[in-house]
Amino acid sequence: MLDKRMNDALNKQLNEELFSAYLYLSMSAWFDSIGLKGFANWMMVQYKEETEHAMKFYSYIQSRGGEVKLLAIKEPPQKWDSPLHAFEETLKHEQFITKCINELTDLAEELKDRPTMNFLQWFVDEQVEEEENDREIIDRLRLIEGSKNGIFILDRELAQRQFVPESQ
Ligand code: FEO
C-alpha cells in the first residue's frame with residue numbers, strides 16, 4: 001500500500017506529465033502555424049511520449065493499490081518568439097521536471113519505499129536524455145542564428161523523428 005504522502009506526490013507528477021504533453025502539443029500547433037512541419041512533428045512525438053509518461057504514473061499508482069486523482073491541467077502558452085525561444089522554454093520545463101523527479105525520489109527514500117524508488121529510476125534516466133535532446137537542438141539553433149536555410153534543413157531533419165512506444 002502506498003503512503004498517503006507518496007500517493008499525493010505521484011498524482012501531482014501525473015498531472016505535471018499531462019501538462020508537459022499539453023505544452024508540447026501547443027508548441028506543435030504553433031510550429032505548424034508558422035509552416036515548420038518538421039518542428040511540429042518533433043513536438044507531436046514529444047507530446048505522445050509525455051502522455052506515455054503520465055500513463056506510467058497512472059498505472060503505477062493503481063498497481064500499488066493507491067488512488068488516482070486527476071487534477072486540473074494548466075493552460076499552456078500558445079506562442080513563442082522564435083524556434084530557439086520555444087526550445088529554450090522546453091529545456092527550462094524539462095529542468096523543472098527533473099527537479100520534480102528528484103524530489104519524488106527523495107520522498108521515496110525518506111519513506112523507505114523501495115518499489116517507488118525502483119519505479120522512479122526509469123524517469124531519472126529519461127530526464128538525462130530529455131535535457132540532452134533539448135540542449136542539442138538549442139546548440140544547433142544558436143549556430144544557425146535564424147538563417148532561413150539553416151532552419152529549413154533542421155526542419156527536414158526533425159520531420160524524421162518517430163514515436164516509438166516504450167513497450168516495443
Ligand atoms: Fe516526462 Fe519530458 O518529462
# chains A, B, ... in the order shown; residues from 1 in each chain; ligands from 1
call {"tool": "residues_near_ligand", "arguments": {"ligand": "ligand 1", "cutoff": "10 Å", "atoms": "only C-alpha atoms and all ligand atoms", "output": "PDB file with all heavy atoms, in the first residue's frame"}}
result
ATOM      1  N   GLN A  13       2.671  14.400  -9.893  1.00  0.00           N
ATOM      2  CA  GLN A  13       3.574  14.194 -11.028  1.00  0.00           C
ATOM      3  C   GLN A  13       2.815  13.713 -12.269  1.00  0.00           C
ATOM      4  O   GLN A  13       3.147  14.090 -13.392  1.00  0.00           O
ATOM      5  CB  GLN A  13       4.703  13.215 -10.662  1.00  0.00           C
ATOM      6  CG  GLN A  13       5.808  13.160 -11.701  1.00  0.00           C
ATOM      7  CD  GLN A  13       6.475  14.515 -11.936  1.00  0.00           C
ATOM      8  OE1 GLN A  13       6.557  15.319 -11.022  1.00  0.00           O
ATOM      9  NE2 GLN A  13       6.934  14.760 -13.151  1.00  0.00           N
ATOM     10  N   LEU A  14       1.783  12.916 -12.052  1.00  0.00           N
ATOM     11  CA  LEU A  14       0.920  12.504 -13.169  1.00  0.00           C
ATOM     12  C   LEU A  14       0.373  13.770 -13.858  1.00  0.00           C
ATOM     13  O   LEU A  14       0.358  13.874 -15.089  1.00  0.00           O
ATOM     14  CB  LEU A  14      -0.213  11.614 -12.619  1.00  0.00           C
ATOM     15  CG  LEU A  14      -1.454  11.332 -13.464  1.00  0.00           C
ATOM     16  CD1 LEU A  14      -1.117  10.776 -14.824  1.00  0.00           C
ATOM     17  CD2 LEU A  14      -2.370  10.349 -12.735  1.00  0.00           C
ATOM     18  N   GLU A  16       1.788  16.797 -13.757  1.00  0.00           N
ATOM     19  CA  GLU A  16       2.897  17.524 -14.413  1.00  0.00           C
ATOM     20  C   GLU A  16       3.214  16.906 -15.773  1.00  0.00           C
ATOM     21  O   GLU A  16       3.547  17.608 -16.728  1.00  0.00           O
ATOM     22  CB  GLU A  16       4.174  17.501 -13.551  1.00  0.00           C
ATOM     23  CG  GLU A  16       4.083  18.226 -12.217  1.00  0.00           C
ATOM     24  CD  GLU A  16       3.948  19.746 -12.345  1.00  0.00           C
ATOM     25  OE1 GLU A  16       3.921  20.268 -13.465  1.00  0.00           O
ATOM     26  OE2 GLU A  16       3.830  20.400 -11.291  1.00  0.00           O
ATOM     27  N   GLU A  17       3.114  15.587 -15.855  1.00  0.00           N
ATOM     28  CA  GLU A  17       3.399  14.918 -17.130  1.00  0.00           C
ATOM     29  C   GLU A  17       2.297  15.236 -18.155  1.00  0.00           C
ATOM     30  O   GLU A  17       2.576  15.425 -19.332  1.00  0.00           O
ATOM     31  CB  GLU A  17       3.531  13.404 -16.944  1.00  0.00           C
ATOM     32  CG  GLU A  17       4.641  12.961 -15.987  1.00  0.00           C
ATOM     33  CD  GLU A  17       6.066  13.206 -16.501  1.00  0.00           C
ATOM     34  OE1 GLU A  17       6.254  13.401 -17.715  1.00  0.00           O
ATOM     35  OE2 GLU A  17       6.987  13.206 -15.671  1.00  0.00           O
ATOM     36  N   LEU A  18       1.060  15.312 -17.666  1.00  0.00           N
ATOM     37  CA  LEU A  18      -0.034  15.674 -18.580  1.00  0.00           C
ATOM     38  C   LEU A  18       0.123  17.126 -19.036  1.00  0.00           C
ATOM     39  O   LEU A  18      -0.119  17.447 -20.196  1.00  0.00           O
ATOM     40  CB  LEU A  18      -1.402  15.469 -17.905  1.00  0.00           C
ATOM     41  CG  LEU A  18      -1.840  14.013 -17.739  1.00  0.00           C
ATOM     42  CD1 LEU A  18      -3.119  13.927 -16.906  1.00  0.00           C
ATOM     43  CD2 LEU A  18      -2.061  13.326 -19.090  1.00  0.00           C
ATOM     44  N   PHE A  19       0.577  17.999 -18.124  1.00  0.00           N
ATOM     45  CA  PHE A  19       0.827  19.384 -18.537  1.00  0.00           C
ATOM     46  C   PHE A  19       1.958  19.420 -19.567  1.00  0.00           C
ATOM     47  O   PHE A  19       1.888  20.173 -20.550  1.00  0.00           O
ATOM     48  CB  PHE A  19       1.183  20.286 -17.341  1.00  0.00           C
ATOM     49  CG  PHE A  19       1.601  21.659 -17.811  1.00  0.00           C
ATOM     50  CD1 PHE A  19       0.655  22.566 -18.290  1.00  0.00           C
ATOM     51  CD2 PHE A  19       2.943  22.023 -17.850  1.00  0.00           C
ATOM     52  CE1 PHE A  19       1.044  23.815 -18.794  1.00  0.00           C
ATOM     53  CE2 PHE A  19       3.341  23.265 -18.353  1.00  0.00           C
ATOM     54  CZ  PHE A  19       2.381  24.160 -18.818  1.00  0.00           C
ATOM     55  N   SER A  20       2.989  18.598 -19.368  1.00  0.00           N
ATOM     56  CA  SER A  20       4.097  18.553 -20.337  1.00  0.00           C
ATOM     57  C   SER A  20       3.535  18.184 -21.714  1.00  0.00           C
ATOM     58  O   SER A  20       3.890  18.798 -22.726  1.00  0.00           O
ATOM     59  CB  SER A  20       5.152  17.511 -19.929  1.00  0.00           C
ATOM     60  OG  SER A  20       5.618  17.752 -18.634  1.00  0.00           O
ATOM     61  N   ALA A  21       2.667  17.181 -21.738  1.00  0.00           N
ATOM     62  CA  ALA A  21       2.046  16.760 -23.004  1.00  0.00           C
ATOM     63  C   ALA A  21       1.305  17.944 -23.637  1.00  0.00           C
ATOM     64  O   ALA A  21       1.441  18.229 -24.826  1.00  0.00           O
ATOM     65  CB  ALA A  21       1.097  15.596 -22.764  1.00  0.00           C
ATOM     66  N   TYR A  24       3.698  20.607 -25.081  1.00  0.00           N
ATOM     67  CA  TYR A  24       4.335  20.241 -26.348  1.00  0.00           C
ATOM     68  C   TYR A  24       3.309  20.149 -27.487  1.00  0.00           C
ATOM     69  O   TYR A  24       3.640  20.419 -28.633  1.00  0.00           O
ATOM     70  CB  TYR A  24       5.148  18.942 -26.191  1.00  0.00           C
ATOM     71  CG  TYR A  24       6.243  19.119 -25.152  1.00  0.00           C
ATOM     72  CD1 TYR A  24       6.552  18.118 -24.236  1.00  0.00           C
ATOM     73  CD2 TYR A  24       6.945  20.320 -25.066  1.00  0.00           C
ATOM     74  CE1 TYR A  24       7.537  18.314 -23.269  1.00  0.00           C
ATOM     75  CE2 TYR A  24       7.928  20.518 -24.107  1.00  0.00           C
ATOM     76  CZ  TYR A  24       8.215  19.512 -23.217  1.00  0.00           C
ATOM     77  OH  TYR A  24       9.184  19.718 -22.260  1.00  0.00           O
ATOM     78  N   GLN A  46       6.976  14.369 -28.978  1.00  0.00           N
ATOM     79  CA  GLN A  46       7.221  14.686 -27.567  1.00  0.00           C
ATOM     80  C   GLN A  46       5.912  14.615 -26.775  1.00  0.00           C
ATOM     81  O   GLN A  46       5.866  14.096 -25.661  1.00  0.00           O
ATOM     82  CB  GLN A  46       7.842  16.090 -27.493  1.00  0.00           C
ATOM     83  CG  GLN A  46       8.540  16.397 -26.185  1.00  0.00           C
ATOM     84  CD  GLN A  46       9.730  15.498 -25.917  1.00  0.00           C
ATOM     85  OE1 GLN A  46      10.319  14.941 -26.838  1.00  0.00           O
ATOM     86  NE2 GLN A  46      10.048  15.321 -24.654  1.00  0.00           N
ATOM     87  N   TYR A  47       4.846  15.133 -27.377  1.00  0.00           N
ATOM     88  CA  TYR A  47       3.517  15.082 -26.755  1.00  0.00           C
ATOM     89  C   TYR A  47       3.129  13.625 -26.457  1.00  0.00           C
ATOM     90  O   TYR A  47       2.656  13.289 -25.368  1.00  0.00           O
ATOM     91  CB  TYR A  47       2.494  15.738 -27.697  1.00  0.00           C
ATOM     92  CG  TYR A  47       1.080  15.252 -27.528  1.00  0.00           C
ATOM     93  CD1 TYR A  47       0.301  15.668 -26.453  1.00  0.00           C
ATOM     94  CD2 TYR A  47       0.512  14.362 -28.457  1.00  0.00           C
ATOM     95  CE1 TYR A  47      -0.991  15.203 -26.293  1.00  0.00           C
ATOM     96  CE2 TYR A  47      -0.784  13.902 -28.295  1.00  0.00           C
ATOM     97  CZ  TYR A  47      -1.528  14.321 -27.210  1.00  0.00           C
ATOM     98  OH  TYR A  47      -2.801  13.862 -27.048  1.00  0.00           O
ATOM     99  N   LYS A  48       3.361  12.746 -27.436  1.00  0.00           N
ATOM    100  CA  LYS A  48       2.988  11.332 -27.250  1.00  0.00           C
ATOM    101  C   LYS A  48       3.832  10.694 -26.151  1.00  0.00           C
ATOM    102  O   LYS A  48       3.337   9.898 -25.354  1.00  0.00           O
ATOM    103  CB  LYS A  48       3.144  10.564 -28.567  1.00  0.00           C
ATOM    104  CG  LYS A  48       2.090  10.975 -29.583  1.00  0.00           C
ATOM    105  CD  LYS A  48       2.281  10.277 -30.909  1.00  0.00           C
ATOM    106  CE  LYS A  48       1.270  10.777 -31.931  1.00  0.00           C
ATOM    107  NZ  LYS A  48       1.581  10.367 -33.291  1.00  0.00           N
ATOM    108  N   GLU A  49       5.118  11.043 -26.128  1.00  0.00           N
ATOM    109  CA  GLU A  49       5.982  10.479 -25.072  1.00  0.00           C
ATOM    110  C   GLU A  49       5.514  10.919 -23.687  1.00  0.00           C
ATOM    111  O   GLU A  49       5.518  10.138 -22.739  1.00  0.00           O
ATOM    112  CB  GLU A  49       7.438  10.924 -25.278  1.00  0.00           C
ATOM    113  CG  GLU A  49       8.129  10.179 -26.396  1.00  0.00           C
ATOM    114  CD  GLU A  49       9.653  10.305 -26.338  1.00  0.00           C
ATOM    115  OE1 GLU A  49      10.179  10.998 -25.454  1.00  0.00           O
ATOM    116  OE2 GLU A  49      10.295   9.690 -27.206  1.00  0.00           O
ATOM    117  N   GLU A  50       5.130  12.190 -23.589  1.00  0.00           N
ATOM    118  CA  GLU A  50       4.690  12.696 -22.279  1.00  0.00           C
ATOM    119  C   GLU A  50       3.383  12.030 -21.837  1.00  0.00           C
ATOM    120  O   GLU A  50       3.181  11.771 -20.650  1.00  0.00           O
ATOM    121  CB  GLU A  50       4.515  14.221 -22.309  1.00  0.00           C
ATOM    122  CG  GLU A  50       5.791  14.990 -22.582  1.00  0.00           C
ATOM    123  CD  GLU A  50       6.893  14.769 -21.561  1.00  0.00           C
ATOM    124  OE1 GLU A  50       6.653  14.144 -20.528  1.00  0.00           O
ATOM    125  OE2 GLU A  50       8.012  15.228 -21.820  1.00  0.00           O
ATOM    126  N   THR A  51       2.515  11.749 -22.800  1.00  0.00           N
ATOM    127  CA  THR A  51       1.273  11.048 -22.467  1.00  0.00           C
ATOM    128  C   THR A  51       1.621   9.666 -21.910  1.00  0.00           C
ATOM    129  O   THR A  51       1.010   9.196 -20.942  1.00  0.00           O
ATOM    130  CB  THR A  51       0.398  10.915 -23.729  1.00  0.00           C
ATOM    131  OG1 THR A  51       0.214  12.222 -24.264  1.00  0.00           O
ATOM    132  CG2 THR A  51      -0.954  10.329 -23.433  1.00  0.00           C
ATOM    133  N   GLU A  52       2.625   9.051 -22.523  1.00  0.00           N
ATOM    134  CA  GLU A  52       3.067   7.737 -22.055  1.00  0.00           C
ATOM    135  C   GLU A  52       3.647   7.839 -20.628  1.00  0.00           C
ATOM    136  O   GLU A  52       3.392   6.983 -19.783  1.00  0.00           O
ATOM    137  CB  GLU A  52       4.136   7.231 -23.027  1.00  0.00           C
ATOM    138  CG  GLU A  52       4.332   5.753 -23.002  1.00  0.00           C
ATOM    139  CD  GLU A  52       5.236   5.309 -24.143  1.00  0.00           C
ATOM    140  OE1 GLU A  52       6.371   5.834 -24.226  1.00  0.00           O
ATOM    141  OE2 GLU A  52       4.827   4.444 -24.924  1.00  0.00           O
ATOM    142  N   HIS A  53       4.415   8.920 -20.386  1.00  0.00           N
ATOM    143  CA  HIS A  53       4.968   9.109 -19.035  1.00  0.00           C
ATOM    144  C   HIS A  53       3.830   9.224 -18.012  1.00  0.00           C
ATOM    145  O   HIS A  53       3.877   8.630 -16.944  1.00  0.00           O
ATOM    146  CB  HIS A  53       5.819  10.385 -18.954  1.00  0.00           C
ATOM    147  CG  HIS A  53       7.038  10.358 -19.820  1.00  0.00           C
ATOM    148  ND1 HIS A  53       7.870  11.437 -19.970  1.00  0.00           N
ATOM    149  CD2 HIS A  53       7.569   9.373 -20.584  1.00  0.00           C
ATOM    150  CE1 HIS A  53       8.853  11.123 -20.800  1.00  0.00           C
ATOM    151  NE2 HIS A  53       8.687   9.879 -21.182  1.00  0.00           N
ATOM    152  N   ALA A  54       2.815  10.023 -18.388  1.00  0.00           N
ATOM    153  CA  ALA A  54       1.677  10.211 -17.481  1.00  0.00           C
ATOM    154  C   ALA A  54       1.025   8.865 -17.173  1.00  0.00           C
ATOM    155  O   ALA A  54       0.692   8.556 -16.025  1.00  0.00           O
ATOM    156  CB  ALA A  54       0.662  11.170 -18.100  1.00  0.00           C
ATOM    157  N   LYS A  56       2.358   5.972 -17.216  1.00  0.00           N
ATOM    158  CA  LYS A  56       3.209   5.142 -16.345  1.00  0.00           C
ATOM    159  C   LYS A  56       2.889   5.456 -14.878  1.00  0.00           C
ATOM    160  O   LYS A  56       2.797   4.551 -14.049  1.00  0.00           O
ATOM    161  CB  LYS A  56       4.697   5.445 -16.587  1.00  0.00           C
ATOM    162  CG  LYS A  56       5.330   4.684 -17.737  1.00  0.00           C
ATOM    163  CD  LYS A  56       6.791   5.119 -17.898  1.00  0.00           C
ATOM    164  CE  LYS A  56       7.424   4.450 -19.089  1.00  0.00           C
ATOM    165  NZ  LYS A  56       7.924   3.104 -18.778  1.00  0.00           N
ATOM    166  N   THR A  90      11.428  24.767 -23.577  1.00  0.00           N
ATOM    167  CA  THR A  90      11.315  23.315 -23.427  1.00  0.00           C
ATOM    168  C   THR A  90      12.382  22.808 -22.451  1.00  0.00           C
ATOM    169  O   THR A  90      12.087  22.028 -21.545  1.00  0.00           O
ATOM    170  CB  THR A  90      11.486  22.634 -24.811  1.00  0.00           C
ATOM    171  OG1 THR A  90      10.432  23.087 -25.649  1.00  0.00           O
ATOM    172  CG2 THR A  90      11.431  21.127 -24.715  1.00  0.00           C
ATOM    173  N   LEU A  91      13.618  23.288 -22.634  1.00  0.00           N
ATOM    174  CA  LEU A  91      14.698  22.857 -21.732  1.00  0.00           C
ATOM    175  C   LEU A  91      14.400  23.299 -20.302  1.00  0.00           C
ATOM    176  O   LEU A  91      14.550  22.518 -19.363  1.00  0.00           O
ATOM    177  CB  LEU A  91      16.050  23.410 -22.205  1.00  0.00           C
ATOM    178  CG  LEU A  91      17.237  23.088 -21.295  1.00  0.00           C
ATOM    179  CD1 LEU A  91      17.438  21.575 -21.126  1.00  0.00           C
ATOM    180  CD2 LEU A  91      18.535  23.724 -21.824  1.00  0.00           C
ATOM    181  N   HIS A  93      11.561  23.786 -18.961  1.00  0.00           N
ATOM    182  CA  HIS A  93      10.484  22.940 -18.426  1.00  0.00           C
ATOM    183  C   HIS A  93      11.030  21.567 -18.029  1.00  0.00           C
ATOM    184  O   HIS A  93      10.684  21.036 -16.967  1.00  0.00           O
ATOM    185  CB  HIS A  93       9.351  22.795 -19.442  1.00  0.00           C
ATOM    186  CG  HIS A  93       8.241  21.951 -18.932  1.00  0.00           C
ATOM    187  ND1 HIS A  93       7.431  22.338 -17.891  1.00  0.00           N
ATOM    188  CD2 HIS A  93       7.845  20.696 -19.273  1.00  0.00           C
ATOM    189  CE1 HIS A  93       6.576  21.374 -17.619  1.00  0.00           C
ATOM    190  NE2 HIS A  93       6.795  20.367 -18.445  1.00  0.00           N
ATOM    191  N   GLU A  94      11.887  21.000 -18.864  1.00  0.00           N
ATOM    192  CA  GLU A  94      12.440  19.675 -18.532  1.00  0.00           C
ATOM    193  C   GLU A  94      13.330  19.738 -17.288  1.00  0.00           C
ATOM    194  O   GLU A  94      13.384  18.786 -16.512  1.00  0.00           O
ATOM    195  CB  GLU A  94      13.199  19.098 -19.731  1.00  0.00           C
ATOM    196  CG  GLU A  94      12.285  18.645 -20.861  1.00  0.00           C
ATOM    197  CD  GLU A  94      11.246  17.607 -20.440  1.00  0.00           C
ATOM    198  OE1 GLU A  94      11.495  16.818 -19.509  1.00  0.00           O
ATOM    199  OE2 GLU A  94      10.153  17.592 -21.037  1.00  0.00           O
ATOM    200  N   GLN A  95      14.028  20.884 -17.099  1.00  0.00           N
ATOM    201  CA  GLN A  95      14.843  21.024 -15.879  1.00  0.00           C
ATOM    202  C   GLN A  95      13.939  21.062 -14.650  1.00  0.00           C
ATOM    203  O   GLN A  95      14.274  20.511 -13.609  1.00  0.00           O
ATOM    204  CB  GLN A  95      15.717  22.285 -15.975  1.00  0.00           C
ATOM    205  CG  GLN A  95      16.862  22.080 -16.964  1.00  0.00           C
ATOM    206  CD  GLN A  95      17.572  23.372 -17.356  1.00  0.00           C
ATOM    207  OE1 GLN A  95      16.996  24.456 -17.266  1.00  0.00           O
ATOM    208  NE2 GLN A  95      18.814  23.248 -17.790  1.00  0.00           N
ATOM    209  N   PHE A  96      12.773  21.678 -14.811  1.00  0.00           N
ATOM    210  CA  PHE A  96      11.791  21.684 -13.721  1.00  0.00           C
ATOM    211  C   PHE A  96      11.293  20.257 -13.443  1.00  0.00           C
ATOM    212  O   PHE A  96      11.182  19.830 -12.290  1.00  0.00           O
ATOM    213  CB  PHE A  96      10.622  22.615 -14.085  1.00  0.00           C
ATOM    214  CG  PHE A  96       9.416  22.421 -13.220  1.00  0.00           C
ATOM    215  CD1 PHE A  96       9.406  22.839 -11.895  1.00  0.00           C
ATOM    216  CD2 PHE A  96       8.277  21.779 -13.718  1.00  0.00           C
ATOM    217  CE1 PHE A  96       8.288  22.627 -11.082  1.00  0.00           C
ATOM    218  CE2 PHE A  96       7.159  21.571 -12.921  1.00  0.00           C
ATOM    219  CZ  PHE A  96       7.170  21.987 -11.597  1.00  0.00           C
ATOM    220  N   ILE A  97      11.020  19.499 -14.517  1.00  0.00           N
ATOM    221  CA  ILE A  97      10.545  18.115 -14.338  1.00  0.00           C
ATOM    222  C   ILE A  97      11.638  17.266 -13.668  1.00  0.00           C
ATOM    223  O   ILE A  97      11.345  16.434 -12.789  1.00  0.00           O
ATOM    224  CB  ILE A  97      10.123  17.491 -15.695  1.00  0.00           C
ATOM    225  CG1 ILE A  97       8.894  18.219 -16.258  1.00  0.00           C
ATOM    226  CG2 ILE A  97       9.845  15.987 -15.565  1.00  0.00           C
ATOM    227  CD1 ILE A  97       7.599  18.032 -15.488  1.00  0.00           C
ATOM    228  N   THR A  98      12.882  17.498 -14.035  1.00  0.00           N
ATOM    229  CA  THR A  98      13.983  16.767 -13.393  1.00  0.00           C
ATOM    230  C   THR A  98      13.973  17.036 -11.884  1.00  0.00           C
ATOM    231  O   THR A  98      14.131  16.120 -11.074  1.00  0.00           O
ATOM    232  CB  THR A  98      15.339  17.205 -14.008  1.00  0.00           C
ATOM    233  OG1 THR A  98      15.314  16.900 -15.404  1.00  0.00           O
ATOM    234  CG2 THR A  98      16.509  16.505 -13.344  1.00  0.00           C
ATOM    235  N   CYS A 100      11.387  17.871 -10.094  1.00  0.00           N
ATOM    236  CA  CYS A 100      10.224  17.151  -9.526  1.00  0.00           C
ATOM    237  C   CYS A 100      10.563  15.678  -9.301  1.00  0.00           C
ATOM    238  O   CYS A 100      10.216  15.107  -8.258  1.00  0.00           O
ATOM    239  CB  CYS A 100       9.024  17.220 -10.469  1.00  0.00           C
ATOM    240  SG  CYS A 100       8.351  18.852 -10.728  1.00  0.00           S
ATOM    241  N   ILE A 101      11.207  15.060 -10.288  1.00  0.00           N
ATOM    242  CA  ILE A 101      11.539  13.633 -10.169  1.00  0.00           C
ATOM    243  C   ILE A 101      12.533  13.431  -9.016  1.00  0.00           C
ATOM    244  O   ILE A 101      12.409  12.479  -8.224  1.00  0.00           O
ATOM    245  CB  ILE A 101      12.123  13.085 -11.503  1.00  0.00           C
ATOM    246  CG1 ILE A 101      11.105  13.186 -12.651  1.00  0.00           C
ATOM    247  CG2 ILE A 101      12.647  11.653 -11.343  1.00  0.00           C
ATOM    248  CD1 ILE A 101       9.913  12.272 -12.581  1.00  0.00           C
ATOM    249  N   PHE A 123      12.630   7.232 -14.775  1.00  0.00           N
ATOM    250  CA  PHE A 123      12.439   8.661 -15.047  1.00  0.00           C
ATOM    251  C   PHE A 123      13.729   9.454 -14.819  1.00  0.00           C
ATOM    252  O   PHE A 123      13.987  10.438 -15.512  1.00  0.00           O
ATOM    253  CB  PHE A 123      11.296   9.220 -14.181  1.00  0.00           C
ATOM    254  CG  PHE A 123       9.942   8.770 -14.664  1.00  0.00           C
ATOM    255  CD1 PHE A 123       9.343   7.631 -14.165  1.00  0.00           C
ATOM    256  CD2 PHE A 123       9.270   9.484 -15.654  1.00  0.00           C
ATOM    257  CE1 PHE A 123       8.113   7.195 -14.629  1.00  0.00           C
ATOM    258  CE2 PHE A 123       8.039   9.071 -16.131  1.00  0.00           C
ATOM    259  CZ  PHE A 123       7.456   7.920 -15.622  1.00  0.00           C
ATOM    260  N   VAL A 124      14.523   9.014 -13.841  1.00  0.00           N
ATOM    261  CA  VAL A 124      15.819   9.683 -13.597  1.00  0.00           C
ATOM    262  C   VAL A 124      16.652   9.593 -14.879  1.00  0.00           C
ATOM    263  O   VAL A 124      17.206  10.591 -15.353  1.00  0.00           O
ATOM    264  CB  VAL A 124      16.562   9.036 -12.400  1.00  0.00           C
ATOM    265  CG1 VAL A 124      17.987   9.574 -12.279  1.00  0.00           C
ATOM    266  CG2 VAL A 124      15.790   9.264 -11.098  1.00  0.00           C
ATOM    267  N   GLU A 126      15.538   8.922 -17.953  1.00  0.00           N
ATOM    268  CA  GLU A 126      14.823   9.580 -19.050  1.00  0.00           C
ATOM    269  C   GLU A 126      15.090  11.093 -19.046  1.00  0.00           C
ATOM    270  O   GLU A 126      15.250  11.709 -20.097  1.00  0.00           O
ATOM    271  CB  GLU A 126      13.314   9.302 -18.911  1.00  0.00           C
ATOM    272  CG  GLU A 126      12.404  10.024 -19.876  1.00  0.00           C
ATOM    273  CD  GLU A 126      12.516   9.549 -21.331  1.00  0.00           C
ATOM    274  OE1 GLU A 126      13.199   8.541 -21.566  1.00  0.00           O
ATOM    275  OE2 GLU A 126      11.931  10.216 -22.198  1.00  0.00           O
ATOM    276  N   GLN A 127      15.154  11.677 -17.853  1.00  0.00           N
ATOM    277  CA  GLN A 127      15.364  13.127 -17.787  1.00  0.00           C
ATOM    278  C   GLN A 127      16.733  13.531 -18.323  1.00  0.00           C
ATOM    279  O   GLN A 127      16.873  14.603 -18.916  1.00  0.00           O
ATOM    280  CB  GLN A 127      15.166  13.634 -16.355  1.00  0.00           C
ATOM    281  CG  GLN A 127      13.707  13.735 -15.937  1.00  0.00           C
ATOM    282  CD  GLN A 127      12.841  14.447 -16.967  1.00  0.00           C
ATOM    283  OE1 GLN A 127      11.934  13.873 -17.541  1.00  0.00           O
ATOM    284  NE2 GLN A 127      13.114  15.722 -17.228  1.00  0.00           N
ATOM    285  N   VAL A 128      17.734  12.671 -18.137  1.00  0.00           N
ATOM    286  CA  VAL A 128      19.075  12.966 -18.684  1.00  0.00           C
ATOM    287  C   VAL A 128      18.947  13.070 -20.205  1.00  0.00           C
ATOM    288  O   VAL A 128      19.442  14.007 -20.833  1.00  0.00           O
ATOM    289  CB  VAL A 128      20.092  11.872 -18.284  1.00  0.00           C
ATOM    290  CG1 VAL A 128      21.437  12.089 -18.987  1.00  0.00           C
ATOM    291  CG2 VAL A 128      20.275  11.839 -16.767  1.00  0.00           C
ATOM    292  N   GLU A 129      18.220  12.108 -20.782  1.00  0.00           N
ATOM    293  CA  GLU A 129      18.031  12.070 -22.234  1.00  0.00           C
ATOM    294  C   GLU A 129      17.209  13.271 -22.730  1.00  0.00           C
ATOM    295  O   GLU A 129      17.543  13.894 -23.749  1.00  0.00           O
ATOM    296  CB  GLU A 129      17.308  10.762 -22.575  1.00  0.00           C
ATOM    297  CG  GLU A 129      17.504  10.320 -24.005  1.00  0.00           C
ATOM    298  CD  GLU A 129      16.689   9.069 -24.265  1.00  0.00           C
ATOM    299  OE1 GLU A 129      16.959   8.030 -23.613  1.00  0.00           O
ATOM    300  OE2 GLU A 129      15.763   9.135 -25.081  1.00  0.00           O
ATOM    301  N   GLU A 130      16.149  13.594 -22.003  1.00  0.00           N
ATOM    302  CA  GLU A 130      15.275  14.709 -22.402  1.00  0.00           C
ATOM    303  C   GLU A 130      16.071  16.015 -22.459  1.00  0.00           C
ATOM    304  O   GLU A 130      15.985  16.765 -23.423  1.00  0.00           O
ATOM    305  CB  GLU A 130      14.132  14.876 -21.384  1.00  0.00           C
ATOM    306  CG  GLU A 130      13.144  13.730 -21.325  1.00  0.00           C
ATOM    307  CD  GLU A 130      11.941  13.946 -22.217  1.00  0.00           C
ATOM    308  OE1 GLU A 130      12.150  13.991 -23.442  1.00  0.00           O
ATOM    309  OE2 GLU A 130      10.831  14.055 -21.699  1.00  0.00           O
ATOM    310  N   GLU A 131      16.839  16.278 -21.405  1.00  0.00           N
ATOM    311  CA  GLU A 131      17.598  17.538 -21.364  1.00  0.00           C
ATOM    312  C   GLU A 131      18.676  17.550 -22.446  1.00  0.00           C
ATOM    313  O   GLU A 131      18.927  18.582 -23.073  1.00  0.00           O
ATOM    314  CB  GLU A 131      18.228  17.736 -19.977  1.00  0.00           C
ATOM    315  CG  GLU A 131      17.201  18.051 -18.909  1.00  0.00           C
ATOM    316  CD  GLU A 131      17.828  18.480 -17.585  1.00  0.00           C
ATOM    317  OE1 GLU A 131      18.959  19.014 -17.595  1.00  0.00           O
ATOM    318  OE2 GLU A 131      17.186  18.267 -16.540  1.00  0.00           O
TER     319      GLU A 131
END
call {"tool": "select_by_dssp", "arguments": {"residues": "range 23-161 of chain A", "states": "alpha helix (DSSP H)", "output": "number ranges by chain"}}
result
A: 23-33, 37-63, 83-110, 114-144, 148-158
call {"tool": "atom_distance", "arguments": {"atom1": "CA of Pro77 in chain A", "atom2": "CA of Met55 in chain A"}}
result
23.2 Å
call {"tool": "closest_residue", "arguments": {"among": "A:Trp42, A:Tyr60, A:Phe87, A:Trp122", "to": "Ile138 in chain A", "atoms": "only C-alpha atoms"}}
result
A:Phe87
call {"tool": "closest_atom_pairs", "arguments": {"of": "range 31-116 of chain A", "to": "range 140-152 of chain A", "cutoff": "8 Å", "atoms": "only C-alpha atoms", "output": "JSON lines"}}
result
{"residue": "A:Leu36", "atom": "CA", "partner": "A:Phe152", "partner_atom": "CA", "distance": 7.8}
{"residue": "A:Pro83", "atom": "CA", "partner": "A:Leu141", "partner_atom": "CA", "distance": 7.7}
{"residue": "A:Leu84", "atom": "CA", "partner": "A:Leu141", "partner_atom": "CA", "distance": 5.9}
call {"tool": "write_last_selection", "arguments": {"atoms": "C-alpha atoms", "output": "PDB file, in the first residue's frame"}}
result
ATOM      1  CA  LEU A  36       7.636  24.406 -39.735  1.00  0.00           C
ATOM      2  CA  PRO A  83      12.060  28.303 -32.620  1.00  0.00           C
ATOM      3  CA  LEU A  84      15.047  28.989 -30.330  1.00  0.00           C
TER       4      LEU A  84
END
call {"tool": "residues_around", "arguments": {"residues": "Asp113 in chain A", "least_positions_apart": "3", "cutoff": "12 Å", "atoms": "only C-alpha atoms", "output": "ChimeraX atom specification"}}
result
/A:1-7,64,104-110,116-120
call {"tool": "closest_residue", "arguments": {"among": "A:Leu70, A:Met44, A:Ile137, A:Ile61", "to": "Met27 in chain A", "atoms": "only C-alpha atoms"}}
result
A:Met44
call {"tool": "atom_distance", "arguments": {"atom1": "CA of Ala159 in chain A", "atom2": "CA of Glu136 in chain A"}}
result
15.9 Å
